[in-house]
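Visitor: Attaching a single structure in structure tokens format; questions to follow.
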Amino acid sequence: MKKPRWVIEKEQAKKAASAETVWLFGLHAVRDALMNPAREKLRLIVTKNAADKLDEAISAAGIAPEMADPRKFAAPLDPQSVHQGAALEVKPLDWGSLEDICAAAPGEAPPRVLLLDRVSDPHNVGAILRSAEVFGACAVIATRHHSAPETGALAKTASGALERQPYLRVTNLARAIGALRDMGYLVVGLAGEAEADIETVLEGRREGAVALVLGAEGPGLREKTRESCDALARIAYWGDFGSLNVSNAAAVALYASRR
């Protein structure tokens, strides 16, 4: 019996995902990945200088490095990448299910989650991961398509947070929002034209679970995403200019949710 097309496509997607690898670069990103026991490490290319600086991490990872001439660095990186003489090929991290990661742990601070609606710039996502780690978010959730995947540029901007901060990519953002609402989360979408500011929307709600949804710069939140939120809120501003970079908006909104 011939397999349905959707079954074939699902199997192909699963096969492609299992074959996917990422090249991390830069001393900080490579060191943190080497020290992460959950990260599957495949190939390490370093210069003598970088190997000396990463000696402890290389020993901990138990991986044999390939030595490279700094003038002919062999890793398949963009020529503009500031690799500092270190590149590591890895498998993307598997953080598990949304429900397991975003469940509130007894005795801990009320959980916070960030959801990104088609935020595709890896530098923005890397910066958001750093803020999520600083302000204790359970996870950063993005769509599998039209969002930034794990890349070397993202990892370098995240400055190690990619190894510690769960970054989940889901097929359907509205469905993920629905799952969080079922878990008791208040889901707040950030929109510049919203009538209420975030302080007002979260008044009396900070002791509960809160999910903050941010859209790409320019388009903002898609209509379906807006409809899935419990409320929309804006970040209050002073003066005539009221636009924030999405990574800055994520940091401000997370801070506001913890005050």
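Chain labels run A, B, ... following the order of the structure tokens; each chain numbers its residues from 1, and ligands are numbered from 1 in the order shown.
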List every residue of stretch 2-246 of chain A that DSSP, applied to the backbone of this structure, assigns to alpha helix (DSSP H), and report them as number ranges by chain.

Guide: A: 5-19, 27-34, 48-53, 55-61, 98-102, 122-134, 152-158, 173-182, 198-201, 223-228, 246

Visitor: Deliver the residues from the most recent selection as a file, using C-alpha atoms, as a short mmCIF file (atom, residue, chain, number, x, y, z; two decimals), in the first residue's frame.

Guide:
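This went into part-v7.cif:
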data_model
loop_
_atom_site.label_atom_id
_atom_site.label_comp_id
_atom_site.auth_asym_id
_atom_site.auth_seq_id
_atom_site.Cartn_x
_atom_site.Cartn_y
_atom_site.Cartn_z
CA ARG A 5 2.02 12.09 0.86
CA TRP A 6 1.82 13.65 4.33
CA VAL A 7 3.42 10.57 5.88
CA ILE A 8 6.25 10.69 3.34
CA GLU A 9 6.82 14.40 3.97
CA LYS A 10 6.84 13.86 7.74
CA GLU A 11 9.41 11.06 7.42
CA GLN A 12 11.54 13.21 5.12
CA ALA A 13 11.41 16.11 7.57
CA LYS A 14 12.40 13.82 10.44
CA LYS A 15 15.30 12.43 8.42
CA ALA A 16 16.47 15.91 7.47
CA ALA A 17 16.30 17.05 11.10
CA SER A 18 18.38 14.08 12.27
CA ALA A 19 21.06 14.95 9.70
CA LEU A 27 35.87 31.16 21.92
CA HIS A 28 32.91 31.83 24.22
CA ALA A 29 30.30 29.93 22.22
CA VAL A 30 32.63 27.00 21.56
CA ARG A 31 33.76 26.78 25.20
CA ASP A 32 30.19 26.71 26.52
CA ALA A 33 29.17 24.06 23.98
CA LEU A 34 32.20 21.91 24.86
CA LYS A 48 47.13 26.53 18.41
CA ASN A 49 46.32 29.77 20.22
CA ALA A 50 42.61 28.89 20.55
CA ALA A 51 43.44 25.34 21.66
CA ASP A 52 45.56 26.71 24.50
CA LYS A 53 42.72 28.96 25.64
CA ASP A 55 42.41 23.43 26.87
CA GLU A 56 40.24 22.75 29.94
CA ALA A 57 37.00 22.64 27.94
CA ILE A 58 38.52 20.38 25.27
CA SER A 59 39.69 17.95 27.95
CA ALA A 60 36.27 17.98 29.62
CA ALA A 61 34.53 17.27 26.32
CA LEU A 98 6.87 22.53 25.80
CA GLU A 99 4.69 21.12 28.59
CA ASP A 100 7.64 19.71 30.52
CA ILE A 101 9.83 22.79 30.19
CA CYS A 102 7.16 25.38 30.93
CA PRO A 122 19.74 35.42 14.53
CA HIS A 123 21.36 38.38 16.29
CA ASN A 124 18.01 39.44 17.73
CA VAL A 125 17.18 35.90 18.85
CA GLY A 126 20.65 35.50 20.38
CA ALA A 127 20.19 38.71 22.37
CA ILE A 128 16.70 37.59 23.44
CA LEU A 129 18.14 34.29 24.74
CA ARG A 130 20.61 36.27 26.87
CA SER A 131 17.80 38.38 28.35
CA ALA A 132 15.67 35.26 28.91
CA GLU A 133 18.48 33.70 30.89
CA VAL A 134 19.11 36.85 32.93
CA GLY A 152 26.88 30.14 14.78
CA ALA A 153 25.86 33.81 14.59
CA LEU A 154 22.95 33.22 16.97
CA ALA A 155 25.14 31.29 19.42
CA LYS A 156 27.85 33.96 19.38
CA THR A 157 25.33 36.73 20.07
CA ALA A 158 23.73 34.64 22.82
CA LEU A 173 2.67 29.22 17.36
CA ALA A 174 -1.07 29.60 18.01
CA ARG A 175 -1.20 25.98 19.15
CA ALA A 176 1.74 26.58 21.49
CA ILE A 177 -0.04 29.63 22.91
CA GLY A 178 -3.14 27.50 23.45
CA ALA A 179 -1.09 24.89 25.30
CA LEU A 180 0.35 27.56 27.60
CA ARG A 181 -3.11 28.98 28.29
CA ASP A 182 -4.29 25.47 29.21
CA ILE A 198 2.32 46.32 30.08
CA GLU A 199 2.40 47.55 33.69
CA THR A 200 -1.39 47.96 33.63
CA VAL A 201 -2.07 44.62 31.96
CA GLU A 223 -3.55 38.43 13.15
CA LYS A 224 -3.88 34.79 14.20
CA THR A 225 -1.27 35.34 16.91
CA ARG A 226 -3.09 38.43 18.20
CA GLU A 227 -6.35 36.52 18.40
CA SER A 228 -4.65 33.77 20.41
CA VAL A 246 12.61 43.42 19.36
#

Visitor: Tell me which protein, DNA and RNA residues are within 7 Å of A:Lys41, counting only C-alpha atoms, leaving out same-chain ones fewer than 4 positions away, and put them as a PyMOL selection string.

Guide: chain A and resi 89-91

Visitor: Quick check, in Å to one decimal: how far apart do atom CA of A:Asp230 and atom CA of A:Val188 lie?

Guide: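 Between atom CA of A:Asp230 and atom CA of A:Val188 the gap is 6.0 Å.
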
Visitor: What is the distance, in Å and to one decimal place, between atom CA of A:Gly215 and atom CA of A:Arg259?

Guide: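 That distance, rounded to one decimal, is 22.9 Å.
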
Visitor: Pick out each residue of stretch 10-244 of chain A that DSSP on the backbone tags as strand (DSSP E or B); I need them as number ranges by chain.

Guide: A: 22-25, 41-46, 66-67, 86-90, 112-117, 139-143, 167-170, 186-190, 197, 210-216, 220, 231-234

Visitor: Rank nothing, just name the residue among A:Ala211, A:Leu24, A:Ala249, A:Met67 nearest to A:Val82, using only C-alpha atoms.

Guide: A:Leu24

Visitor: Can you tell me how far atom CA of A:Leu254 sits from atom CA of A:Ala109, in Å to one decimal?

Guide: 13.1 Å
